[in-house]
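Below is input25.cif, holding mmCIF, C-alpha atoms.
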```
data_my_file
loop_
_atom_site.group_PDB
_atom_site.id
_atom_site.type_symbol
_atom_site.label_atom_id
_atom_site.label_comp_id
_atom_site.auth_asym_id
_atom_site.auth_seq_id
_atom_site.Cartn_x
_atom_site.Cartn_y
_atom_site.Cartn_z
ATOM 1 C CA LEU A 1 -50.486 -36.518 -14.281
ATOM 2 C CA GLY A 2 -52.484 -38.818 -16.535
ATOM 3 C CA LEU A 3 -55.039 -41.140 -14.914
ATOM 4 C CA TRP A 4 -55.870 -44.696 -15.959
ATOM 5 C CA LYS A 5 -57.707 -47.836 -14.822
ATOM 6 C CA ILE A 6 -56.817 -51.429 -15.639
ATOM 7 C CA THR A 7 -59.360 -54.253 -15.487
ATOM 8 C CA ALA A 8 -58.766 -57.953 -16.040
ATOM 9 C CA SER A 9 -60.726 -61.072 -15.208
ATOM 10 C CA SER A 10 -59.615 -63.388 -12.419
ATOM 11 C CA ALA A 11 -59.259 -66.116 -15.044
ATOM 12 C CA MET A 12 -56.655 -64.018 -16.856
ATOM 13 C CA VAL A 13 -54.805 -63.275 -13.632
ATOM 14 C CA ASN A 14 -54.852 -66.926 -12.559
ATOM 15 C CA ALA A 15 -53.546 -67.909 -15.976
ATOM 16 C CA GLY A 16 -50.622 -65.536 -15.470
ATOM 17 C CA SER A 17 -51.469 -63.329 -18.450
ATOM 18 C CA VAL A 18 -53.396 -60.086 -18.592
ATOM 19 C CA ALA A 19 -52.734 -59.302 -22.253
ATOM 20 C CA GLU A 20 -56.485 -59.200 -22.932
ATOM 21 C CA GLY A 21 -57.138 -56.912 -19.989
ATOM 22 C CA ILE A 22 -58.378 -53.405 -20.705
ATOM 23 C CA ILE A 23 -56.856 -50.063 -19.771
ATOM 24 C CA ARG A 24 -59.011 -46.936 -19.836
ATOM 25 C CA PHE A 25 -57.163 -43.635 -19.770
ATOM 26 C CA ASP A 26 -57.819 -39.914 -19.811
ATOM 27 C CA ASP A 27 -56.740 -37.230 -22.279
ATOM 28 C CA ARG A 28 -53.493 -36.507 -20.452
ATOM 29 C CA CYS A 29 -52.441 -40.154 -20.881
ATOM 30 C CA ARG A 30 -53.421 -39.923 -24.543
ATOM 31 C CA ARG A 31 -51.063 -36.979 -25.043
ATOM 32 C CA ILE A 32 -48.212 -38.806 -23.280
ATOM 33 C CA LEU A 33 -48.749 -41.767 -25.615
ATOM 34 C CA GLY A 34 -48.996 -39.468 -28.641
ATOM 35 C CA LEU A 35 -52.361 -40.837 -29.763
ATOM 36 C CA PRO A 36 -54.668 -38.857 -32.070
ATOM 37 C CA ASP A 37 -57.347 -36.641 -30.533
ATOM 38 C CA PRO A 38 -60.659 -38.544 -30.633
ATOM 39 C CA GLY A 39 -62.645 -35.301 -30.690
ATOM 40 C CA HIS A 40 -64.483 -35.985 -27.430
ATOM 41 C CA GLU A 41 -63.714 -35.798 -23.725
ATOM 42 C CA LEU A 42 -64.587 -39.403 -22.908
ATOM 43 C CA ASP A 43 -61.886 -41.767 -21.671
ATOM 44 C CA GLN A 44 -60.268 -43.952 -24.299
ATOM 45 C CA GLU A 45 -59.327 -47.587 -23.963
ATOM 46 C CA MET A 46 -57.089 -50.242 -25.454
ATOM 47 C CA SER A 47 -56.041 -53.761 -24.552
ATOM 48 C CA LEU A 48 -53.007 -54.273 -22.344
ATOM 49 C CA GLU A 49 -51.462 -56.176 -25.231
ATOM 50 C CA GLU A 50 -51.718 -53.038 -27.380
ATOM 51 C CA LEU A 51 -50.291 -50.914 -24.557
ATOM 52 C CA THR A 52 -47.336 -53.285 -24.233
ATOM 53 C CA ASP A 53 -46.181 -52.198 -27.697
ATOM 54 C CA PHE A 54 -45.610 -48.696 -26.288
ATOM 55 C CA TYR A 55 -43.151 -49.969 -23.646
ATOM 56 C CA HIS A 56 -39.434 -50.006 -24.352
ATOM 57 C CA GLU A 57 -38.340 -53.581 -25.045
ATOM 58 C CA GLU A 58 -35.954 -53.539 -22.085
ATOM 59 C CA ASP A 59 -38.814 -52.610 -19.719
ATOM 60 C CA ARG A 60 -41.700 -54.724 -21.020
ATOM 61 C CA THR A 61 -41.149 -57.852 -18.928
ATOM 62 C CA ARG A 62 -40.711 -55.827 -15.750
ATOM 63 C CA VAL A 63 -43.855 -53.720 -16.283
ATOM 64 C CA ARG A 64 -45.956 -56.768 -17.232
ATOM 65 C CA ALA A 65 -44.831 -58.589 -14.089
ATOM 66 C CA GLU A 66 -45.662 -55.589 -11.900
ATOM 67 C CA THR A 67 -49.143 -55.279 -13.467
ATOM 68 C CA LEU A 68 -49.870 -58.962 -12.954
ATOM 69 C CA LYS A 69 -48.698 -58.766 -9.338
ATOM 70 C CA LEU A 70 -51.016 -55.836 -8.608
ATOM 71 C CA LEU A 71 -54.028 -57.657 -10.044
ATOM 72 C CA ALA A 72 -53.147 -60.868 -8.207
ATOM 73 C CA GLU A 73 -52.751 -59.055 -4.846
ATOM 74 C CA PRO A 74 -55.729 -56.680 -4.323
ATOM 75 C CA GLY A 75 -54.883 -53.902 -1.905
ATOM 76 C CA SER A 76 -51.247 -53.759 -2.995
ATOM 77 C CA SER A 77 -49.586 -50.669 -4.435
ATOM 78 C CA SER A 78 -46.430 -49.861 -6.354
ATOM 79 C CA SER A 79 -44.387 -47.147 -7.995
ATOM 80 C CA ILE A 80 -42.411 -48.046 -11.109
ATOM 81 C CA GLU A 81 -40.303 -46.124 -13.614
ATOM 82 C CA TYR A 82 -40.001 -47.188 -17.242
ATOM 83 C CA ARG A 83 -39.739 -45.898 -20.805
ATOM 84 C CA ILE A 84 -42.724 -45.410 -23.010
ATOM 85 C CA GLN A 85 -42.951 -44.120 -26.574
ATOM 86 C CA ASN A 86 -44.810 -41.085 -27.825
ATOM 87 C CA ARG A 87 -46.119 -42.471 -31.111
ATOM 88 C CA ALA A 88 -46.892 -39.123 -32.719
ATOM 89 C CA GLU A 89 -43.380 -37.718 -32.409
ATOM 90 C CA ARG A 90 -41.488 -41.039 -32.149
ATOM 91 C CA TYR A 91 -39.446 -40.345 -29.042
ATOM 92 C CA TRP A 92 -38.870 -42.339 -25.861
ATOM 93 C CA GLN A 93 -39.638 -40.794 -22.491
ATOM 94 C CA TRP A 94 -39.129 -41.907 -18.927
ATOM 95 C CA VAL A 95 -42.327 -42.027 -16.887
ATOM 96 C CA ARG A 96 -43.295 -43.048 -13.355
ATOM 97 C CA SER A 97 -46.549 -44.864 -12.600
ATOM 98 C CA PHE A 98 -48.173 -44.888 -9.175
ATOM 99 C CA CYS A 99 -50.649 -47.772 -8.839
ATOM 100 C CA LYS A 100 -53.014 -49.369 -6.312
ATOM 101 C CA SER A 101 -55.239 -52.414 -6.801
ATOM 102 C CA PHE A 102 -58.786 -52.952 -5.536
ATOM 103 C CA ILE A 103 -61.635 -55.494 -5.644
ATOM 104 C CA ASP A 104 -64.848 -54.535 -7.384
ATOM 105 C CA ALA A 105 -67.647 -54.972 -4.838
ATOM 106 C CA ASP A 106 -70.156 -56.103 -7.449
ATOM 107 C CA SER A 107 -68.136 -58.391 -9.712
ATOM 108 C CA GLY A 108 -65.456 -59.471 -7.258
ATOM 109 C CA GLU A 109 -62.842 -58.842 -9.944
ATOM 110 C CA ALA A 110 -59.605 -56.988 -9.318
ATOM 111 C CA TYR A 111 -58.806 -53.653 -10.939
ATOM 112 C CA VAL A 112 -55.954 -51.153 -10.718
ATOM 113 C CA TRP A 113 -56.142 -47.384 -10.501
ATOM 114 C CA GLY A 114 -53.057 -45.485 -11.435
ATOM 115 C CA CYS A 115 -51.526 -42.253 -12.601
ATOM 116 C CA ILE A 116 -48.580 -41.637 -14.863
ATOM 117 C CA GLN A 117 -46.040 -38.833 -14.575
ATOM 118 C CA GLN A 118 -43.594 -37.735 -17.253
ATOM 119 C CA LEU A 119 -40.022 -37.613 -15.971
ATOM 120 C CA GLN A 120 -38.661 -36.195 -19.220
ATOM 121 C CA GLY A 121 -40.296 -33.503 -21.262
ATOM 122 C CA GLY A 122 -40.158 -34.813 -24.797
ATOM 123 C CA PRO A 123 -38.120 -33.624 -27.787
ATOM 124 C CA ALA A 124 -37.184 -30.251 -26.302
ATOM 125 C CA PHE A 125 -35.853 -31.905 -23.169
ATOM 126 C CA GLN A 126 -34.054 -34.536 -25.250
ATOM 127 C CA SER A 127 -32.491 -31.775 -27.351
ATOM 128 C CA ILE A 128 -31.128 -30.146 -24.189
ATOM 129 C CA LEU A 129 -29.763 -33.496 -23.019
ATOM 130 C CA ASP A 130 -28.084 -34.011 -26.396
ATOM 131 C CA GLN A 131 -26.479 -30.566 -26.175
ATOM 132 C CA VAL A 132 -25.236 -31.258 -22.643
ATOM 133 C CA ARG A 133 -23.817 -34.637 -23.708
ATOM 134 C CA ALA A 134 -22.096 -33.028 -26.708
ATOM 135 C CA ALA A 135 -20.607 -30.288 -24.504
ATOM 136 C CA ASN A 136 -19.388 -32.868 -21.991
ATOM 137 C CA GLU A 137 -17.895 -34.925 -24.795
ATOM 138 C CA ARG A 138 -16.058 -31.897 -26.188
ATOM 139 C CA SER A 139 -14.770 -31.039 -22.715
ATOM 140 C CA GLN A 140 -13.516 -34.586 -22.213
ATOM 141 C CA ILE A 141 -11.785 -34.551 -25.615
ATOM 142 C CA MET A 142 -10.055 -31.265 -24.801
ATOM 143 C CA LEU A 143 -9.079 -32.538 -21.353
ATOM 144 C CA ASP A 144 -7.620 -35.773 -22.702
ATOM 145 C CA ALA A 145 -5.822 -33.909 -25.497
ATOM 146 C CA THR A 146 -4.160 -31.503 -23.043
ATOM 147 C CA PRO A 147 -0.386 -32.239 -23.149
ATOM 148 C CA LEU A 148 -0.184 -31.937 -19.362
ATOM 149 C CA CYS A 149 -1.181 -34.434 -16.712
ATOM 150 C CA CYS A 150 -4.389 -33.101 -15.140
ATOM 151 C CA ASN A 151 -6.325 -34.276 -12.103
ATOM 152 C CA PHE A 152 -9.211 -33.090 -9.932
ATOM 153 C CA TRP A 153 -9.357 -32.690 -6.149
ATOM 154 C CA ASP A 154 -12.631 -32.344 -4.253
ATOM 155 C CA GLU A 155 -13.125 -30.358 -1.038
ATOM 156 C CA ASN A 156 -12.323 -33.455 1.012
ATOM 157 C CA TYR A 157 -8.919 -33.644 -0.724
ATOM 158 C CA ASN A 158 -9.889 -36.746 -2.709
ATOM 159 C CA ASN A 159 -8.383 -37.207 -6.158
ATOM 160 C CA ILE A 160 -11.584 -37.833 -8.151
ATOM 161 C CA ASP A 161 -10.617 -37.769 -11.836
ATOM 162 C CA CYS A 162 -7.777 -37.329 -14.310
ATOM 163 C CA ASN A 163 -7.113 -37.042 -18.020
ATOM 164 C CA GLN A 164 -5.522 -39.533 -20.396
ATOM 165 C CA GLU A 165 -2.152 -37.778 -20.240
ATOM 166 C CA ALA A 166 -1.921 -38.738 -16.553
ATOM 167 C CA VAL A 167 -2.227 -42.395 -17.528
ATOM 168 C CA LYS A 168 0.406 -41.946 -20.225
ATOM 169 C CA LEU A 169 2.879 -40.057 -18.018
ATOM 170 C CA PHE A 170 3.083 -42.869 -15.472
ATOM 171 C CA ASP A 171 2.868 -45.756 -17.996
ATOM 172 C CA LEU A 172 -0.419 -47.017 -16.549
ATOM 173 C CA HIS A 173 -3.242 -48.990 -18.145
ATOM 174 C CA ASP A 174 -6.183 -46.685 -17.437
ATOM 175 C CA LYS A 175 -7.526 -43.879 -15.284
ATOM 176 C CA ARG A 176 -8.751 -46.275 -12.616
ATOM 177 C CA GLU A 177 -5.217 -47.549 -12.076
ATOM 178 C CA TYR A 178 -3.996 -43.958 -11.758
ATOM 179 C CA LEU A 179 -6.616 -43.022 -9.166
ATOM 180 C CA ASP A 180 -6.209 -46.255 -7.184
ATOM 181 C CA ASN A 181 -2.402 -45.902 -7.043
ATOM 182 C CA PHE A 182 -2.027 -42.131 -6.878
ATOM 183 C CA HIS A 183 -0.196 -42.080 -3.524
ATOM 184 C CA ARG A 184 2.307 -44.647 -4.845
ATOM 185 C CA LEU A 185 3.204 -42.233 -7.646
ATOM 186 C CA SER A 186 5.296 -40.125 -5.247
ATOM 187 C CA PRO A 187 8.222 -41.254 -3.070
ATOM 188 C CA GLU A 188 7.664 -41.317 0.683
ATOM 189 C CA PHE A 189 9.676 -38.111 1.091
ATOM 190 C CA GLN A 190 10.109 -35.110 -1.164
ATOM 191 C CA PRO A 191 13.643 -33.801 -1.903
ATOM 192 C CA ASP A 192 13.222 -31.184 0.866
ATOM 193 C CA GLY A 193 12.775 -33.992 3.407
ATOM 194 C CA GLN A 194 9.041 -33.430 3.940
ATOM 195 C CA LEU A 195 6.641 -36.383 3.840
ATOM 196 C CA SER A 196 4.948 -36.438 0.447
ATOM 197 C CA SER A 197 1.552 -37.180 2.039
ATOM 198 C CA GLU A 198 1.816 -34.163 4.364
ATOM 199 C CA LYS A 199 3.164 -31.780 1.743
ATOM 200 C CA ALA A 200 0.471 -32.784 -0.771
ATOM 201 C CA LEU A 201 -2.319 -31.952 1.711
ATOM 202 C CA GLU A 202 -0.594 -28.694 2.592
ATOM 203 C CA LYS A 203 -0.420 -27.600 -1.056
ATOM 204 C CA ILE A 204 -3.983 -28.654 -1.893
ATOM 205 C CA ARG A 205 -5.250 -26.782 1.180
ATOM 206 C CA GLU A 206 -3.228 -23.764 0.061
ATOM 207 C CA ALA A 207 -4.878 -23.873 -3.367
ATOM 208 C CA PHE A 208 -8.363 -24.057 -1.837
ATOM 209 C CA ASP A 209 -7.579 -21.143 0.510
ATOM 210 C CA GLN A 210 -5.625 -18.877 -1.842
ATOM 211 C CA GLY A 211 -6.903 -19.932 -5.260
ATOM 212 C CA ARG A 212 -3.561 -21.076 -6.660
ATOM 213 C CA SER A 213 -0.338 -22.868 -5.743
ATOM 214 C CA VAL A 214 2.740 -23.558 -7.907
ATOM 215 C CA PHE A 215 5.606 -25.728 -6.667
ATOM 216 C CA LYS A 216 8.211 -28.341 -7.595
ATOM 217 C CA TRP A 217 7.345 -31.979 -6.909
ATOM 218 C CA MET A 218 9.043 -35.330 -7.259
ATOM 219 C CA HIS A 219 6.773 -37.971 -8.753
ATOM 220 C CA GLN A 220 7.698 -41.535 -9.609
ATOM 221 C CA LYS A 221 6.401 -44.391 -11.728
ATOM 222 C CA LEU A 222 5.210 -47.565 -10.031
ATOM 223 C CA ASN A 223 8.634 -49.072 -10.756
ATOM 224 C CA GLY A 224 10.315 -46.253 -8.833
ATOM 225 C CA GLU A 225 11.608 -44.259 -11.822
ATOM 226 C CA PRO A 226 11.664 -40.590 -10.685
ATOM 227 C CA ILE A 227 9.702 -37.929 -12.540
ATOM 228 C CA PRO A 228 10.705 -34.399 -11.459
ATOM 229 C CA SER A 229 7.690 -32.151 -12.004
ATOM 230 C CA GLU A 230 6.228 -28.710 -11.637
ATOM 231 C CA ILE A 231 2.705 -28.704 -10.185
ATOM 232 C CA THR A 232 0.157 -25.944 -10.666
ATOM 233 C CA LEU A 233 -3.009 -26.172 -8.547
ATOM 234 C CA VAL A 234 -5.928 -23.895 -9.424
ATOM 235 C CA ARG A 235 -9.196 -23.504 -7.529
ATOM 236 C CA VAL A 236 -12.325 -23.417 -9.729
ATOM 237 C CA GLU A 237 -16.033 -23.177 -8.939
ATOM 238 C CA ARG A 238 -18.156 -26.287 -9.262
ATOM 239 C CA GLY A 239 -21.845 -26.043 -8.443
ATOM 240 C CA ASP A 240 -22.168 -24.516 -4.994
ATOM 241 C CA GLY A 241 -18.589 -25.273 -4.023
ATOM 242 C CA TYR A 242 -15.066 -25.586 -5.388
ATOM 243 C CA ILE A 243 -12.668 -28.164 -6.728
ATOM 244 C CA VAL A 244 -8.945 -27.868 -7.389
ATOM 245 C CA LEU A 245 -7.480 -28.715 -10.782
ATOM 246 C CA GLY A 246 -3.925 -29.986 -10.710
ATOM 247 C CA TYR A 247 -1.611 -29.669 -13.730
ATOM 248 C CA THR A 248 1.652 -31.625 -13.759
ATOM 249 C CA ARG A 249 4.474 -30.531 -16.060
ATOM 250 C CA ASP A 250 7.102 -33.231 -16.657
ATOM 251 C CA LEU A 251 10.526 -31.622 -16.064
ATOM 252 C CA ARG A 252 12.711 -34.557 -17.065
ATOM 253 C CA GLU A 253 13.636 -33.121 -20.453
ATOM 254 C CA TYR A 254 14.089 -29.648 -18.997
ATOM 255 C CA GLU A 255 16.397 -30.943 -16.258
ATOM 256 C CA ARG A 256 18.436 -32.979 -18.774
ATOM 257 C CA MET A 257 18.880 -29.852 -20.868
ATOM 258 C CA MET A 258 19.918 -27.794 -17.837
ATOM 259 C CA ALA A 259 22.377 -30.506 -16.778
ATOM 260 C CA GLU A 260 23.931 -30.491 -20.247
ATOM 261 C CA MET A 261 24.247 -26.694 -20.131
ATOM 262 C CA ARG A 262 25.933 -26.870 -16.730
ATOM 263 C CA GLU A 263 28.348 -29.505 -18.033
ATOM 264 C CA ALA A 264 29.151 -27.340 -21.066
ATOM 265 C CA ASP A 265 29.721 -24.313 -18.833
ATOM 266 C CA GLU A 266 31.996 -26.378 -16.589
ATOM 267 C CA ARG A 267 34.039 -27.650 -19.564
ATOM 268 C CA THR A 268 34.386 -24.129 -20.867
ATOM 269 C CA ARG A 269 35.478 -22.889 -17.456
ATOM 270 C CA ILE A 270 38.134 -25.650 -17.209
ATOM 271 C CA MET A 271 39.409 -24.996 -20.749
ATOM 272 C CA LEU A 272 39.780 -21.295 -20.062
ATOM 273 C CA GLY A 273 41.683 -22.108 -16.928
#
```

Could you take the file, read its structure, and then write that structure out as structure tokens?
Amino acid sequence: LGLWKITASSAMVNAGSVAEGIIRFDDRCRRILGLPDPGHELDQEMSLEELTDFYHEEDRTRVRAETLKLLAEPGSSSSIEYRIQNRAERYWQWVRSFCKSFIDADSGEAYVWGCIQQLQGGPAFQSILDQVRAANERSQIMLDATPLCCNFWDENYNNIDCNQEAVKLFDLHDKREYLDNFHRLSPEFQPDGQLSSEKALEKIREAFDQGRSVFKWMHQKLNGEPIPSEITLVRVERGDGYIVLGYTRDLREYERMMAEMREADERTRIMLG
């Protein structure tokens, strides 16, 4: 944790601007800011206006307002998270400041003591984040490019995600529409007479218990057009628990082909008497 102290005159606070206030900070703050080593162990200082340049532009107004509030209300405290730049290595880092304001007994002026904590560890941490993002992006690309409808079930049997092929299979607009309407994408009853809602829970539970379940299923589009399917549910580890991945194979083309073969066989049988 880096330590710092902000001082500003009551005139500045009353005027609603503390840009000319002074912040004094220790060597740990200096390293967070990426400032050059002064060659001594004394605290350094800069104006609050100079410090403002280190804040991310999206956070500046918020941090300024919080600083002014602390100085205007002695005895108050706050905790705030924001982005600040390390000037030496030119990277942005999330930090958290813990602050409390006081009144100087001699001058009667307000001042703020605070400490700053890095929430991200600089370039190495950012490099790890970039690698994780890239891996997630590759996984999402592979998932969306899979020529099978795929969805994810959590341990509470909630359908939590899907790939782009699921949207395409049911002629939907986006993944949200698929997830919101999932139970409408099956008829009330399956061909064996069982309620779709009951059979779905039974099969998902089977996959969680046994690790895998493969079965025939009748899906439908929102307009009622049937989509005969083969479902494969596979249990996979996720963190400390499990999820079930569901793969849906569209059997419409397969069933058309089988119907044509049966018709051909029947014609042949009739011709041969």

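Distance-wise, CA of Asp26 in chain A and CA of Ile116 in chain A end up 10.6 Å apart.
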
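Here the PyMOL selection byres ((chain A and resi 24) around 8) catches exactly these residues: Trp4, Lys5, Ile6, Ile22, Ile23, Phe25, Asp26, Asp43, Gln44, Glu45 and Met46 of chain A.
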
Considering all atoms listed in the file, return as a compact mmCIF listing (two decimals) with C-alpha atoms, in the coordinates of the input whatever protein or nucleic-acid residues lie within 12 Å of Asn181 in chain A, sequence-local ones (same chain, fewer than 2 positions apart) excluded.
```txt
# COMPACT_ATOMS: atom_id res chain seq x y z
CA ASN A 159 -8.38 -37.21 -6.16
CA ALA A 166 -1.92 -38.74 -16.55
CA VAL A 167 -2.23 -42.40 -17.53
CA PHE A 170 3.08 -42.87 -15.47
CA LEU A 172 -0.42 -47.02 -16.55
CA HIS A 173 -3.24 -48.99 -18.14
CA ASP A 174 -6.18 -46.68 -17.44
CA LYS A 175 -7.53 -43.88 -15.28
CA ARG A 176 -8.75 -46.28 -12.62
CA GLU A 177 -5.22 -47.55 -12.08
CA TYR A 178 -4.00 -43.96 -11.76
CA LEU A 179 -6.62 -43.02 -9.17
CA HIS A 183 -0.20 -42.08 -3.52
CA ARG A 184 2.31 -44.65 -4.84
CA LEU A 185 3.20 -42.23 -7.65
CA SER A 186 5.30 -40.12 -5.25
CA GLN A 220 7.70 -41.54 -9.61
CA LYS A 221 6.40 -44.39 -11.73
CA LEU A 222 5.21 -47.56 -10.03
```

Running the PyMOL selection byres ((chain A and resi 236-241) around 9) on this model by hand, what would come out? Give it as a ChimeraX atom specification.
/A:155,208,211,234-235,242-245

Selected residues written out with C-alpha atoms, as a PDB file, in the frame of the given file:
```pdb
ATOM      1  CA  GLU A 155     -13.125 -30.358  -1.038  1.00  0.00           C
ATOM      2  CA  PHE A 208      -8.363 -24.057  -1.837  1.00  0.00           C
ATOM      3  CA  GLY A 211      -6.903 -19.932  -5.260  1.00  0.00           C
ATOM      4  CA  VAL A 234      -5.928 -23.895  -9.424  1.00  0.00           C
ATOM      5  CA  ARG A 235      -9.196 -23.504  -7.529  1.00  0.00           C
ATOM      6  CA  TYR A 242     -15.066 -25.586  -5.388  1.00  0.00           C
ATOM      7  CA  ILE A 243     -12.668 -28.164  -6.728  1.00  0.00           C
ATOM      8  CA  VAL A 244      -8.945 -27.868  -7.389  1.00  0.00           C
ATOM      9  CA  LEU A 245      -7.480 -28.715 -10.782  1.00  0.00           C
TER      10      LEU A 245
END
```

Could you name the residues that touch range 63-76 of chain A at 12 Å or less, counting all atoms listed in the file, but leaving out those on the same chain fewer than 4 positions away, as a PyMOL selection string?
chain A and resi 5-23+48-49+51-59+80-84+95-104+108-114

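Atom pair CA of Glu137 in chain A / CA of Trp153 in chain A has a distance of 20.6 Å (rounded to one decimal).
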
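The space between CA of Ser213 in chain A and CA of Arg138 in chain A spans 27.3 Å.
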
Quick one: apply the PyMOL selection byres ((chain A and resi 218) around 7) to the file and drop the selected residues here as a PyMOL selection string.
chain A and resi 186+190+217+219-220+226-229

Axis-aligned box for range 187-205 of chain A, 4 Å per side, centre and edges in Å as AutoDock Vina command-line options:
```
--center_x 4.2 --center_y -34.0 --center_z 0.6 --size_x 26.9 --size_y 22.5 --size_z 15.4
```

Polymer residues at most 10 Å from (-50.6, -36.3, -22.8) by all atoms listed in the file, as a ChimeraX atom specification
/A:1-2,26-35,86,116-118

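With distances restricted to only C-alpha atoms, A:Ile204 is the closest residue to Asn156 in chain A from A:Leu143, A:Leu195, A:Ile204, A:Ala134.
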